[in-house]
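The data block below is start-v3.cif; it holds mmCIF, C-alpha atoms and all ligand atoms.
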data_query
loop_
_atom_site.label_atom_id
_atom_site.label_comp_id
_atom_site.auth_asym_id
_atom_site.auth_seq_id
_atom_site.Cartn_x
_atom_site.Cartn_y
_atom_site.Cartn_z
CA MET A 1 -70.87 -26.62 -4.99
CA LYS A 2 -70.97 -28.48 -1.70
CA ALA A 3 -67.71 -30.03 -2.42
CA LYS A 4 -66.41 -26.55 -3.11
CA LEU A 5 -67.81 -25.30 0.23
CA ASP A 6 -66.23 -28.25 1.95
CA LEU A 7 -63.06 -27.49 0.24
CA LYS A 8 -63.40 -23.89 1.31
CA ARG A 9 -64.16 -24.97 4.87
CA LYS A 10 -61.26 -27.36 4.71
CA GLY A 11 -59.23 -24.52 3.40
CA ASN A 12 -60.35 -22.28 6.26
CA PHE A 13 -59.59 -25.01 8.73
CA ASN A 14 -56.14 -25.37 7.22
CA ILE A 15 -55.52 -21.62 7.46
CA SER A 16 -56.53 -21.45 11.11
CA LEU A 17 -54.42 -24.51 11.83
CA ALA A 18 -51.47 -22.85 10.16
CA ASN A 19 -52.12 -19.68 12.18
CA ARG A 20 -52.15 -21.67 15.38
CA LYS A 21 -48.91 -23.37 14.37
CA ILE A 22 -47.36 -19.97 13.64
CA ARG A 23 -48.57 -18.64 17.00
CA THR A 24 -47.12 -21.70 18.74
CA ILE A 25 -43.77 -21.31 16.95
CA ALA A 26 -43.77 -17.57 17.68
CA SER A 27 -44.45 -18.09 21.36
CA SER A 28 -41.72 -20.75 21.43
CA ILE A 29 -39.28 -18.28 19.84
CA CYS A 30 -40.35 -15.65 22.38
CA PHE A 31 -39.75 -18.13 25.19
CA VAL A 32 -36.32 -19.04 23.79
CA LEU A 33 -35.47 -15.36 23.38
CA LEU A 34 -36.63 -14.70 26.92
CA VAL A 35 -34.42 -17.53 28.18
CA ILE A 36 -31.46 -16.23 26.12
CA ALA A 37 -32.11 -12.69 27.39
CA THR A 38 -32.26 -13.93 30.97
CA VAL A 39 -29.06 -15.94 30.54
CA CYS A 40 -27.36 -12.98 28.84
CA THR A 41 -28.46 -10.57 31.55
CA SER A 42 -27.33 -12.86 34.34
CA GLY A 43 -24.09 -13.43 32.36
CA VAL A 44 -23.41 -9.64 32.31
CA ALA A 45 -24.29 -9.37 35.98
CA LEU A 46 -21.87 -12.19 36.78
CA ALA A 47 -19.08 -10.61 34.72
CA GLN A 48 -19.55 -7.25 36.45
CA THR A 49 -19.47 -8.76 39.90
CA GLY A 50 -16.29 -10.70 39.20
CA HIS A 51 -14.46 -8.01 37.18
CA VAL A 52 -11.57 -6.12 38.66
CA ASN A 53 -10.07 -3.30 36.56
CA PRO A 54 -6.32 -3.60 37.07
CA TRP A 55 -5.95 0.07 36.02
CA ALA A 56 -8.46 1.50 38.50
CA PRO A 57 -7.11 4.25 40.82
CA ALA A 58 -5.38 2.76 43.84
CA GLU A 59 -3.22 3.90 46.71
CA LEU A 60 0.21 4.96 45.42
CA ALA A 61 3.54 4.06 46.99
CA PRO A 62 5.18 7.04 48.75
CA LEU A 63 6.39 9.75 46.37
CA PRO A 64 9.71 11.61 46.70
CA PRO A 65 9.35 15.03 48.36
CA PRO A 66 9.27 18.08 46.05
CA ALA A 67 12.59 19.77 45.28
CA SER A 68 13.58 23.01 47.01
CA LEU A 69 11.37 26.03 46.29
CA THR A 70 14.24 28.46 46.84
CA ASN A 71 17.36 26.74 45.52
CA GLY A 72 17.05 27.83 41.92
CA VAL A 73 16.70 30.69 39.49
CA TRP A 74 13.85 31.88 37.28
CA LEU A 75 14.98 32.02 33.67
CA LYS A 76 12.95 33.19 30.69
CA GLY A 77 13.17 32.15 27.08
CA ASP A 78 11.59 31.34 23.76
CA LEU A 79 11.43 27.70 22.71
CA HIS A 80 10.34 28.06 19.08
CA VAL A 81 12.14 30.45 16.72
CA HIS A 82 13.19 30.09 13.07
CA SER A 83 16.39 31.50 11.59
CA ARG A 84 17.65 31.88 8.03
CA HIS A 85 18.26 28.11 8.03
CA SER A 86 14.50 27.66 7.59
CA LYS A 87 13.66 28.30 3.93
CA GLU A 88 10.57 30.46 4.52
CA SER A 89 12.29 32.68 7.08
CA SER A 90 13.24 36.25 6.15
CA ASN A 91 15.69 38.78 7.60
CA ASN A 92 16.33 36.50 10.57
CA PRO A 93 19.97 35.45 10.83
CA VAL A 94 21.09 33.67 14.00
CA ALA A 95 23.13 36.69 15.16
CA LYS A 96 20.08 38.97 14.95
CA ILE A 97 17.91 36.58 16.97
CA ILE A 98 20.54 36.23 19.69
CA SER A 99 21.32 39.93 20.00
CA PHE A 100 17.61 40.80 20.11
CA SER A 101 17.05 38.15 22.79
CA LYS A 102 19.85 39.59 24.87
CA SER A 103 18.42 43.10 24.52
CA VAL A 104 15.05 42.08 26.00
CA GLY A 105 16.51 40.03 28.85
CA ILE A 106 15.91 36.56 27.39
CA ASN A 107 18.02 33.96 29.24
CA PHE A 108 17.60 30.90 27.02
CA LEU A 109 16.70 30.25 23.43
CA ALA A 110 15.82 27.33 21.20
CA ILE A 111 16.39 28.13 17.53
CA THR A 112 14.21 25.46 15.97
CA ASP A 113 14.74 25.41 12.23
CA HIS A 114 12.74 23.04 10.03
CA ASP A 115 14.87 19.90 9.77
CA ASN A 116 13.31 18.91 6.43
CA HIS A 117 14.73 22.08 4.85
CA VAL A 118 18.22 20.63 5.36
CA ASP A 119 17.31 16.93 4.96
CA GLY A 120 17.72 16.41 8.69
CA ASP A 121 21.28 17.76 8.84
CA VAL A 122 20.65 20.47 11.46
CA ALA A 123 24.11 19.84 12.90
CA HIS A 124 25.79 21.28 9.78
CA HIS A 125 23.42 24.21 9.40
CA THR A 126 21.88 25.95 12.46
CA TRP A 127 24.29 24.46 15.00
CA ALA A 128 27.29 25.00 12.74
CA ASP A 129 26.41 28.64 12.02
CA PRO A 130 29.42 30.76 13.05
CA ASP A 131 27.03 33.03 14.96
CA PHE A 132 25.49 30.16 16.95
CA LYS A 133 27.16 31.26 20.19
CA SER A 134 26.43 33.65 23.04
CA ASP A 135 28.12 34.83 26.21
CA SER A 136 24.80 35.45 27.98
CA VAL A 137 21.93 33.61 26.30
CA LEU A 138 21.82 29.85 26.91
CA LEU A 139 21.45 28.22 23.50
CA LEU A 140 19.73 24.85 23.38
CA TYR A 141 20.52 22.36 20.63
CA ALA A 142 17.14 22.20 18.98
CA ALA A 143 15.24 21.71 15.74
CA GLU A 144 11.66 21.57 14.52
CA TRP A 145 11.00 17.94 13.55
CA THR A 146 8.97 18.67 10.43
CA THR A 147 7.21 15.54 9.22
CA THR A 148 4.27 14.24 7.22
CA ARG A 149 2.47 13.63 10.52
CA GLY A 150 3.10 17.09 11.92
CA HIS A 151 5.63 19.08 13.89
CA GLY A 152 7.44 18.68 17.18
CA ASN A 153 10.42 20.42 18.75
CA ALA A 154 13.48 18.48 19.90
CA PHE A 155 15.49 20.08 22.72
CA SER A 156 18.87 19.03 24.09
CA ALA A 157 21.56 20.54 26.28
CA ARG A 158 24.25 19.10 24.02
CA PRO A 159 24.57 18.15 20.35
CA TYR A 160 22.80 14.90 19.46
CA ASP A 161 22.30 12.94 16.24
CA HIS A 162 19.20 14.73 14.95
CA GLN A 163 19.60 13.01 11.58
CA ARG A 164 18.39 9.76 13.19
CA LEU A 165 15.18 11.42 14.41
CA TYR A 166 14.61 12.86 10.95
CA ASP A 167 15.24 9.52 9.23
CA VAL A 168 12.77 7.62 11.44
CA ARG A 169 9.91 10.15 11.08
CA ASP A 170 7.59 7.99 8.97
CA GLN A 171 8.06 4.80 10.99
CA ARG A 172 5.66 3.40 13.61
CA ASP A 173 5.56 5.27 16.91
CA VAL A 174 7.16 2.35 18.73
CA VAL A 175 10.25 2.71 16.47
CA VAL A 176 10.26 6.52 16.71
CA GLY A 177 9.92 6.33 20.51
CA ALA A 178 12.88 3.95 20.81
CA VAL A 179 15.14 6.24 18.73
CA LYS A 180 14.00 9.30 20.68
CA LYS A 181 14.84 7.52 23.95
CA GLU A 182 18.29 6.51 22.70
CA LEU A 183 19.02 10.10 21.70
CA GLY A 184 18.14 11.27 25.23
CA ILE A 185 16.31 14.35 23.96
CA HIS A 186 13.26 16.26 25.22
CA LEU A 187 10.52 16.02 22.59
CA SER A 188 7.63 18.45 22.54
CA ALA A 189 4.38 18.62 20.54
CA ASN A 190 4.11 21.81 18.47
CA HIS A 191 0.91 23.77 17.70
CA PRO A 192 -1.08 20.61 18.58
CA SER A 193 -4.36 21.53 16.91
CA GLY A 194 -4.93 22.57 13.33
CA LYS A 195 -2.46 22.35 10.47
CA ASP A 196 0.73 20.35 11.11
CA HIS A 197 -0.56 19.23 14.49
CA PHE A 198 1.58 16.66 16.30
CA GLY A 199 0.21 13.41 14.89
CA TYR A 200 2.25 11.05 17.08
CA SER A 201 1.66 9.36 20.41
CA TYR A 202 1.72 11.77 23.34
CA ASP A 203 3.35 8.98 25.34
CA MET A 204 6.75 9.77 23.87
CA ILE A 205 6.84 13.49 24.61
CA GLU A 206 7.64 15.58 27.68
CA SER A 207 5.88 18.85 26.82
CA ILE A 208 3.26 20.46 24.63
CA GLU A 209 3.12 23.91 23.03
CA VAL A 210 -0.06 25.25 24.63
CA TRP A 211 0.69 28.83 23.61
CA ASN A 212 1.95 29.27 20.05
CA SER A 213 2.68 32.83 18.84
CA ALA A 214 1.31 36.16 20.05
CA VAL A 215 -2.13 35.23 18.74
CA TRP A 216 -3.50 33.86 22.02
CA SER A 217 -7.03 33.23 20.76
CA LYS A 218 -5.97 30.45 18.39
CA ASN A 219 -4.67 28.30 21.28
CA ALA A 220 -8.05 27.22 22.72
CA ASN A 221 -7.89 23.73 21.16
CA ALA A 222 -4.29 23.27 22.29
CA ILE A 223 -5.41 23.95 25.87
CA MET A 224 -8.25 21.45 25.44
CA ILE A 225 -5.83 18.76 24.24
CA TRP A 226 -3.49 19.55 27.16
CA ASP A 227 -6.32 19.14 29.68
CA ASP A 228 -7.33 15.85 28.05
CA MET A 229 -3.78 14.52 28.34
CA LEU A 230 -3.47 15.70 31.96
CA SER A 231 -6.87 14.28 32.90
CA SER A 232 -5.87 10.88 31.52
CA GLY A 233 -2.81 10.73 33.79
CA ARG A 234 -0.11 12.16 31.54
CA LYS A 235 2.11 14.57 33.47
CA LEU A 236 2.85 16.84 30.53
CA THR A 237 4.45 20.28 30.73
CA GLY A 238 2.72 23.14 28.93
CA ARG A 239 5.13 25.56 27.24
CA GLY A 240 5.11 28.51 24.86
CA GLY A 241 6.82 29.30 21.57
CA SER A 242 6.62 32.36 19.30
CA ASP A 243 7.27 30.36 16.10
CA ALA A 244 8.69 33.64 14.79
CA HIS A 245 10.12 33.34 11.27
CA HIS A 246 10.78 36.94 10.29
CA GLY A 247 13.09 39.68 11.54
CA THR A 248 13.02 43.40 10.95
CA PRO A 249 14.76 44.22 7.64
CA GLU A 250 17.98 46.29 7.87
CA THR A 251 17.09 48.30 4.77
CA PRO A 252 13.79 48.93 2.92
CA ALA A 253 15.18 46.87 0.04
CA GLN A 254 15.25 43.78 2.26
CA GLU A 255 11.56 44.11 3.08
CA THR A 256 9.49 40.97 2.36
CA LYS A 257 5.73 40.43 2.38
CA ASN A 258 6.10 38.92 5.86
CA SER A 259 8.34 41.59 7.41
CA TYR A 260 5.34 43.18 9.16
CA GLN A 261 5.22 40.09 11.40
CA ALA A 262 8.44 41.11 13.20
CA LYS A 263 6.54 43.91 14.93
CA ALA A 264 3.67 41.65 16.00
CA ASN A 265 5.23 38.26 16.72
CA TYR A 266 8.88 37.87 17.59
CA VAL A 267 11.19 36.44 20.25
CA GLY A 268 9.31 36.31 23.55
CA THR A 269 5.71 36.32 22.31
CA PRO A 270 5.04 34.37 24.42
CA THR A 271 7.87 33.94 26.95
CA THR A 272 8.37 30.62 28.77
CA TRP A 273 9.70 30.82 32.35
CA VAL A 274 11.49 27.91 34.02
CA PHE A 275 12.60 27.55 37.64
CA ALA A 276 16.04 26.00 37.01
CA THR A 277 18.41 24.66 39.65
CA ALA A 278 21.30 26.37 37.82
CA ARG A 279 21.97 28.73 34.94
CA THR A 280 22.77 25.92 32.49
CA THR A 281 21.13 24.46 29.38
CA GLN A 282 20.71 21.10 31.15
CA ALA A 283 18.95 22.73 34.10
CA VAL A 284 16.62 24.57 31.69
CA ILE A 285 15.65 21.28 30.02
CA ASP A 286 15.26 19.49 33.37
CA ALA A 287 12.93 22.24 34.61
CA LEU A 288 10.98 21.99 31.36
CA THR A 289 10.64 18.23 31.81
CA ASN A 290 9.68 18.58 35.49
CA GLY A 291 7.05 21.22 34.77
CA ARG A 292 8.38 24.04 36.93
CA VAL A 293 7.29 26.28 34.12
CA SER A 294 4.90 29.14 33.42
CA ILE A 295 4.18 31.18 30.33
CA SER A 296 3.81 34.97 30.04
CA ALA A 297 2.55 37.06 27.13
CA ASN A 298 5.97 38.71 26.67
CA PRO A 299 9.34 39.11 28.45
CA TYR A 300 8.08 42.13 30.46
CA ALA A 301 4.71 40.70 31.51
CA PRO A 302 4.36 39.42 35.08
CA ARG A 303 5.36 35.85 35.81
CA VAL A 304 2.71 33.48 37.17
CA GLU A 305 3.89 31.42 40.14
CA PHE A 306 1.70 28.73 41.67
CA TYR A 307 2.43 27.10 45.04
CA ALA A 308 0.72 24.89 47.62
CA ASP A 309 0.98 24.44 51.38
CA ILE A 310 0.14 20.80 51.97
CA ASN A 311 0.54 20.55 55.76
CA GLN A 312 -1.05 23.85 56.77
CA ASP A 313 2.05 25.22 58.49
CA GLY A 314 1.80 28.51 56.60
CA LYS A 315 4.84 27.68 54.47
CA MET A 316 4.57 26.68 50.83
CA ASP A 317 5.77 23.10 50.20
CA MET A 318 5.41 22.62 46.46
CA MET A 319 5.07 24.52 43.20
CA MET A 320 3.72 23.91 39.72
CA GLY A 321 5.13 20.76 38.17
CA ASP A 322 5.41 19.06 41.57
CA ASN A 323 3.45 15.91 42.39
CA VAL A 324 2.62 14.68 45.92
CA LYS A 325 0.30 12.14 47.52
CA ALA A 326 -2.95 13.66 48.73
CA THR A 327 -3.35 13.36 52.50
CA GLY A 328 -7.10 13.93 52.70
CA LYS A 329 -6.51 17.24 54.50
CA PRO A 330 -7.26 20.65 52.97
CA VAL A 331 -4.47 22.21 50.89
CA LYS A 332 -3.85 25.96 50.69
CA PHE A 333 -2.91 27.13 47.17
CA ARG A 334 -1.21 30.42 46.34
CA VAL A 335 -1.08 32.20 42.99
CA GLN A 336 1.45 35.00 42.79
CA LEU A 337 2.23 37.48 40.03
CA SER A 338 5.89 38.50 40.10
CA GLY A 339 7.52 41.29 38.16
CA ASN A 340 5.96 44.19 36.36
CA THR A 341 2.29 44.29 37.11
CA VAL A 342 0.30 47.21 35.78
CA PRO A 343 -0.38 49.68 38.65
CA ASP A 344 -4.05 49.57 39.69
CA GLY A 345 -4.67 46.90 37.06
CA GLU A 346 -7.21 44.25 37.95
CA TYR A 347 -6.13 40.66 37.28
CA THR A 348 -8.56 37.76 36.97
CA ILE A 349 -7.27 34.35 38.00
CA SER A 350 -9.17 31.35 36.64
CA ILE A 351 -8.51 28.08 38.42
CA VAL A 352 -8.94 24.84 36.49
CA LYS A 353 -9.32 21.57 38.42
CA ASN A 354 -9.10 18.31 36.44
CA GLY A 355 -9.95 20.09 33.19
CA ASP A 356 -13.02 21.92 34.55
CA PRO A 357 -13.43 25.51 35.80
CA PHE A 358 -13.05 25.46 39.59
CA SER A 359 -13.23 29.12 40.63
CA THR A 360 -12.40 32.64 39.53
CA LEU A 361 -10.59 35.15 41.75
CA LYS A 362 -9.80 38.80 41.21
CA THR A 363 -6.87 40.76 42.58
CA THR A 364 -5.43 44.23 42.37
CA GLY A 365 -2.78 46.26 44.16
CA LYS A 366 0.98 46.15 44.59
CA ILE A 367 1.28 42.62 45.99
CA LEU A 368 -0.63 40.34 43.68
CA ILE A 369 -1.26 37.18 45.63
CA VAL A 370 -4.45 35.17 45.88
CA GLU A 371 -5.05 32.02 47.89
CA PHE A 372 -7.69 29.31 47.85
CA ILE A 373 -8.28 26.06 49.70
CA ASP A 374 -9.39 22.68 48.41
CA THR A 375 -9.03 19.04 49.44
CA PRO A 376 -7.71 16.77 46.68
CA ALA A 377 -9.11 13.22 46.69
CA THR A 378 -6.98 10.60 48.43
CA ILE A 379 -7.63 7.99 45.74
CA GLY A 380 -7.32 8.99 42.09
CA ARG A 381 -5.55 11.90 40.43
CA THR A 382 -6.22 15.62 40.88
CA TYR A 383 -4.53 18.57 39.20
CA TYR A 384 -4.97 22.33 39.45
CA ARG A 385 -3.68 24.96 37.05
CA VAL A 386 -4.35 28.66 36.65
CA ALA A 387 -4.76 31.17 33.83
CA VAL A 388 -4.33 34.89 34.50
CA GLU A 389 -5.98 37.66 32.51
CA GLY A 390 -5.59 41.38 32.97
CA PRO A 391 -4.17 44.53 31.42
CA PRO A 392 -1.54 43.84 28.71
CA THR A 393 2.08 44.70 29.48
CA VAL A 394 3.78 46.95 26.95
CA TYR A 395 6.44 45.24 24.80
CA PRO A 396 7.95 48.21 22.98
CA GLN A 397 10.18 46.13 20.67
CA VAL A 398 7.20 44.10 19.41
CA PRO A 399 4.41 46.65 19.78
CA GLY A 400 1.83 44.83 17.65
CA SER A 401 1.92 41.76 19.91
CA MET A 402 -0.18 43.36 22.66
CA ALA A 403 -3.29 43.54 20.50
CA LEU A 404 -2.85 39.88 19.51
CA SER A 405 -2.40 38.47 23.01
CA GLY A 406 -5.18 40.71 24.35
CA ASN A 407 -5.89 40.31 28.06
CA MET A 408 -4.03 37.03 28.37
CA VAL A 409 -1.24 37.59 30.89
CA GLY A 410 0.02 34.16 31.80
CA LEU A 411 -0.54 30.45 32.36
CA SER A 412 0.80 28.23 35.12
CA ASN A 413 1.62 24.58 34.87
CA PRO A 414 -0.36 22.20 37.06
CA ILE A 415 0.18 21.21 40.66
CA TYR A 416 -0.35 17.45 40.75
CA PHE A 417 -1.71 15.03 43.34
CA ASN A 418 -1.47 11.24 43.06
CA PHE A 419 -0.01 11.16 39.55
CA ASP A 420 1.68 7.78 39.18
CA PRO A 421 5.38 8.37 38.35
CA ASN A 422 5.45 4.90 36.76
CA PHE A 423 2.54 5.69 34.43
ZN ZN B 501 5.55 24.03 12.93
ZN ZN B 502 7.86 26.47 13.66
#

Let's see the structure in the file written out as structure tokens.
Ligand SMILES: [Zn+2]
Ligand SMILES: [Zn+2]
Amino acid sequence: MKAKLDLKRKGNFNISLANRKIRTIASSICFVLLVIATVCTSGVALAQTGHVNPWAPAELAPLPPPASLTNGVWLKGDLHVHSRHSKESSNNPVAKIISFSKSVGINFLAITDHDNHVDGDVAHHTWADPDFKSDSVLLLYAAEWTTTRGHGNAFSARPYDHQRLYDVRDQRDVVVGAVKKELGIHLSANHPSGKDHFGYSYDMIESIEVWNSAVWSKNANAIMIWDDMLSSGRKLTGRGGSDAHHGTPETPAQETKNSYQAKANYVGTPTTWVFATARTTQAVIDALTNGRVSISANPYAPRVEFYADINQDGKMDMMMGDNVKATGKPVKFRVQLSGNTVPDGEYTISIVKNGDPFSTLKTTGKILIVEFIDTPATIGRTYYRVAVEGPPTVYPQVPGSMALSGNMVGLSNPIYFNFDPNF
């Protein structure tokens, strides 16, 4: 019994010894962890102190002055229309599209048929159509690049080898980008959110379709993507495109299940305006690339113009699409609605600065101009753009479009400060 007790005591002693050992080991581990944590913390602190981000905003070299604000012409067009050369199109031959465009005052047009419907051979279909000609409407050489990774529009002032762009569609972006560059075309992301969104790098495009079709409300995500791209330093033009596929049938027998669309979404819903240096296809594409562009709900809706006076001499020095170095002094901005405004209609102008709401202004009357002042930062990028809402403008040829675009009147492109041209 005693022996047992001894054993028990011995056992107890052993247990408490083991506990002490465990405590000692545990406190040693804690100490080691503490040392490691201290070393790690001081390591992080050291790295932060010594780290210089080579991409951080810095003073830019001088930028070229903006181009003339008066030496040019405003031209309006539609940059996304399908003709009979797209398989799902109905009652929409090239001749009908062009004559309609002419009748509503459209100056330029991109007929963008699905290239996959002709295995990439757009040159021997849309562009070779005997009716692909006009004495008044500037016709771009264009196609909708229709790929597994989504859709984009290719625009050119002259014929180019579209087959090469079609053939390379499933390759890596670095290969696609090289071919696109060799072709010398303007590439644009189509309907960038939702089905068939542009699933390629935004670094190889010049513009983005921020307003697709008369249905304005479905473009909210496209606008969000645009602001994200702008905020991250990409100077990317926002443009419109009706994406119209269907024309009005000539006879009731030609009616298709989609014919109703012709009265709600057709050429000009929306209309893209460009300030071109000349009335040529090349000048239209250059303006599109440079961003001297705004978008209106239809060809008769007022045009949004957006200017800035950077040296406070009372004279505007730059317009949307232009990029200057910020001086640190206040800039006066002017938003102007040109053309047919609705008499006594009240227009609401929402100003967006770097992707966030900046202010909201209201205007009414015959001369629709509003001005605001702000001081862009001297280091780092700033951009401003505006959206205008107000009474819809009647588009008699496409009467159903007004209900779809609602109060959305027009969108400007941004005015840029400190955007690196070598980005
Ligand atoms: Zn598409
Ligand atoms: Zn399309």

Find the residues around region 148-153 of chain A up to 12 Å (all atoms listed in the file counted), leave out those fewer than 4 positions away in its own chain, and share them as a short mmCIF file (atom, residue, chain, number, x, y, z; two decimals) with C-alpha atoms, in the coordinates of the input.
data_model
loop_
_atom_site.label_atom_id
_atom_site.label_comp_id
_atom_site.auth_asym_id
_atom_site.auth_seq_id
_atom_site.Cartn_x
_atom_site.Cartn_y
_atom_site.Cartn_z
CA LEU A 79 11.43 27.70 22.71
CA HIS A 80 10.34 28.06 19.08
CA VAL A 81 12.14 30.45 16.72
CA HIS A 82 13.19 30.09 13.07
CA ALA A 110 15.82 27.33 21.20
CA ILE A 111 16.39 28.13 17.53
CA THR A 112 14.21 25.46 15.97
CA ASP A 113 14.74 25.41 12.23
CA HIS A 114 12.74 23.04 10.03
CA ASP A 115 14.87 19.90 9.77
CA ASN A 116 13.31 18.91 6.43
CA LEU A 140 19.73 24.85 23.38
CA TYR A 141 20.52 22.36 20.63
CA ALA A 142 17.14 22.20 18.98
CA ALA A 143 15.24 21.71 15.74
CA GLU A 144 11.66 21.57 14.52
CA HIS A 162 19.20 14.73 14.95
CA LEU A 165 15.18 11.42 14.41
CA TYR A 166 14.61 12.86 10.95
CA VAL A 168 12.77 7.62 11.44
CA ARG A 169 9.91 10.15 11.08
CA ASP A 170 7.59 7.99 8.97
CA GLN A 171 8.06 4.80 10.99
CA ARG A 172 5.66 3.40 13.61
CA ASP A 173 5.56 5.27 16.91
CA LYS A 180 14.00 9.30 20.68
CA ILE A 185 16.31 14.35 23.96
CA HIS A 186 13.26 16.26 25.22
CA LEU A 187 10.52 16.02 22.59
CA SER A 188 7.63 18.45 22.54
CA ALA A 189 4.38 18.62 20.54
CA ASN A 190 4.11 21.81 18.47
CA HIS A 191 0.91 23.77 17.70
CA PRO A 192 -1.08 20.61 18.58
CA SER A 193 -4.36 21.53 16.91
CA GLY A 194 -4.93 22.57 13.33
CA LYS A 195 -2.46 22.35 10.47
CA ASP A 196 0.73 20.35 11.11
CA HIS A 197 -0.56 19.23 14.49
CA PHE A 198 1.58 16.66 16.30
CA GLY A 199 0.21 13.41 14.89
CA TYR A 200 2.25 11.05 17.08
CA SER A 201 1.66 9.36 20.41
CA TYR A 202 1.72 11.77 23.34
CA MET A 204 6.75 9.77 23.87
CA ILE A 205 6.84 13.49 24.61
CA GLU A 206 7.64 15.58 27.68
CA SER A 207 5.88 18.85 26.82
CA ILE A 208 3.26 20.46 24.63
CA GLU A 209 3.12 23.91 23.03
CA ARG A 239 5.13 25.56 27.24
CA GLY A 240 5.11 28.51 24.86
CA GLY A 241 6.82 29.30 21.57
CA ASP A 243 7.27 30.36 16.10
#

Distance in Å - CA of Ser68 (chain A) versus CA of Thr277 (chain A):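 These two atoms are separated by 9.0 Å.
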
Spatial neighbours of Ala278 (chain A), 8 Å, only C-alpha atoms, chain gap at least 4 places, as a list in words: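 Surrounding residues, per the criterion: Gly72, Val73, Ala283 and Val284 of chain A.
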
d(CA of Tyr266 (chain A), CA of Ala157 (chain A)) in Å: 23.2 Å

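Considering all atoms listed in the file, the residue among A:Gly247, A:Pro130, A:Pro392, A:Gly50 positioned nearest to Lys96 (chain A) is A:Gly247.
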
Distance query Ala297 (chain A) at most 12 Å, only C-alpha atoms, self and fewer than 4 positions along chain excluded, as a VMD selection string: chain A and resid 76 to 78 211 to 216 239 to 242 265 to 273 301 to 304 387 to 395 398 401 to 411

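Shown here are all protein and nucleic acid residues lying within 9 Å of (-11.3, 29.9, 37.1), with all atoms listed in the file considered: Thr348, Ile349, Ser350, Ile351, Val352, Lys353, Asp356, Pro357, Phe358, Ser359, Thr360, Leu361, Val386, Ala387 and Val388 of chain A.
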
May I ask you to restore N, CA and C atoms in region 330-341 of chain A and write the result as a short mmCIF file (atom, residue, chain, number, x, y, z; two decimals), keeping the file's coordinate frame?
data_model
loop_
_atom_site.label_atom_id
_atom_site.label_comp_id
_atom_site.auth_asym_id
_atom_site.auth_seq_id
_atom_site.Cartn_x
_atom_site.Cartn_y
_atom_site.Cartn_z
N PRO A 330 -7.19 19.51 53.90
CA PRO A 330 -7.26 20.65 52.97
C PRO A 330 -5.87 21.20 52.63
N VAL A 331 -5.73 21.65 51.39
CA VAL A 331 -4.47 22.21 50.89
C VAL A 331 -4.70 23.69 50.61
N LYS A 332 -3.74 24.53 51.02
CA LYS A 332 -3.85 25.96 50.69
C LYS A 332 -2.99 26.24 49.45
N PHE A 333 -3.61 26.81 48.43
CA PHE A 333 -2.91 27.13 47.17
C PHE A 333 -2.66 28.63 47.10
N ARG A 334 -1.54 28.99 46.49
CA ARG A 334 -1.21 30.42 46.34
C ARG A 334 -0.81 30.70 44.89
N VAL A 335 -1.44 31.72 44.32
CA VAL A 335 -1.08 32.20 42.99
C VAL A 335 -0.44 33.57 43.19
N GLN A 336 0.70 33.75 42.59
CA GLN A 336 1.45 35.00 42.79
C GLN A 336 1.89 35.54 41.44
N LEU A 337 1.72 36.84 41.25
CA LEU A 337 2.23 37.48 40.03
C LEU A 337 3.49 38.23 40.39
N SER A 338 4.62 37.85 39.80
CA SER A 338 5.89 38.50 40.10
C SER A 338 6.32 39.35 38.91
N GLY A 339 7.00 40.44 39.23
CA GLY A 339 7.52 41.29 38.16
C GLY A 339 6.64 42.50 37.93
N ASN A 340 6.62 42.93 36.69
CA ASN A 340 5.96 44.19 36.36
C ASN A 340 4.46 44.02 36.20
N THR A 341 3.73 44.26 37.27
CA THR A 341 2.29 44.29 37.11
C THR A 341 1.87 45.73 36.81
#
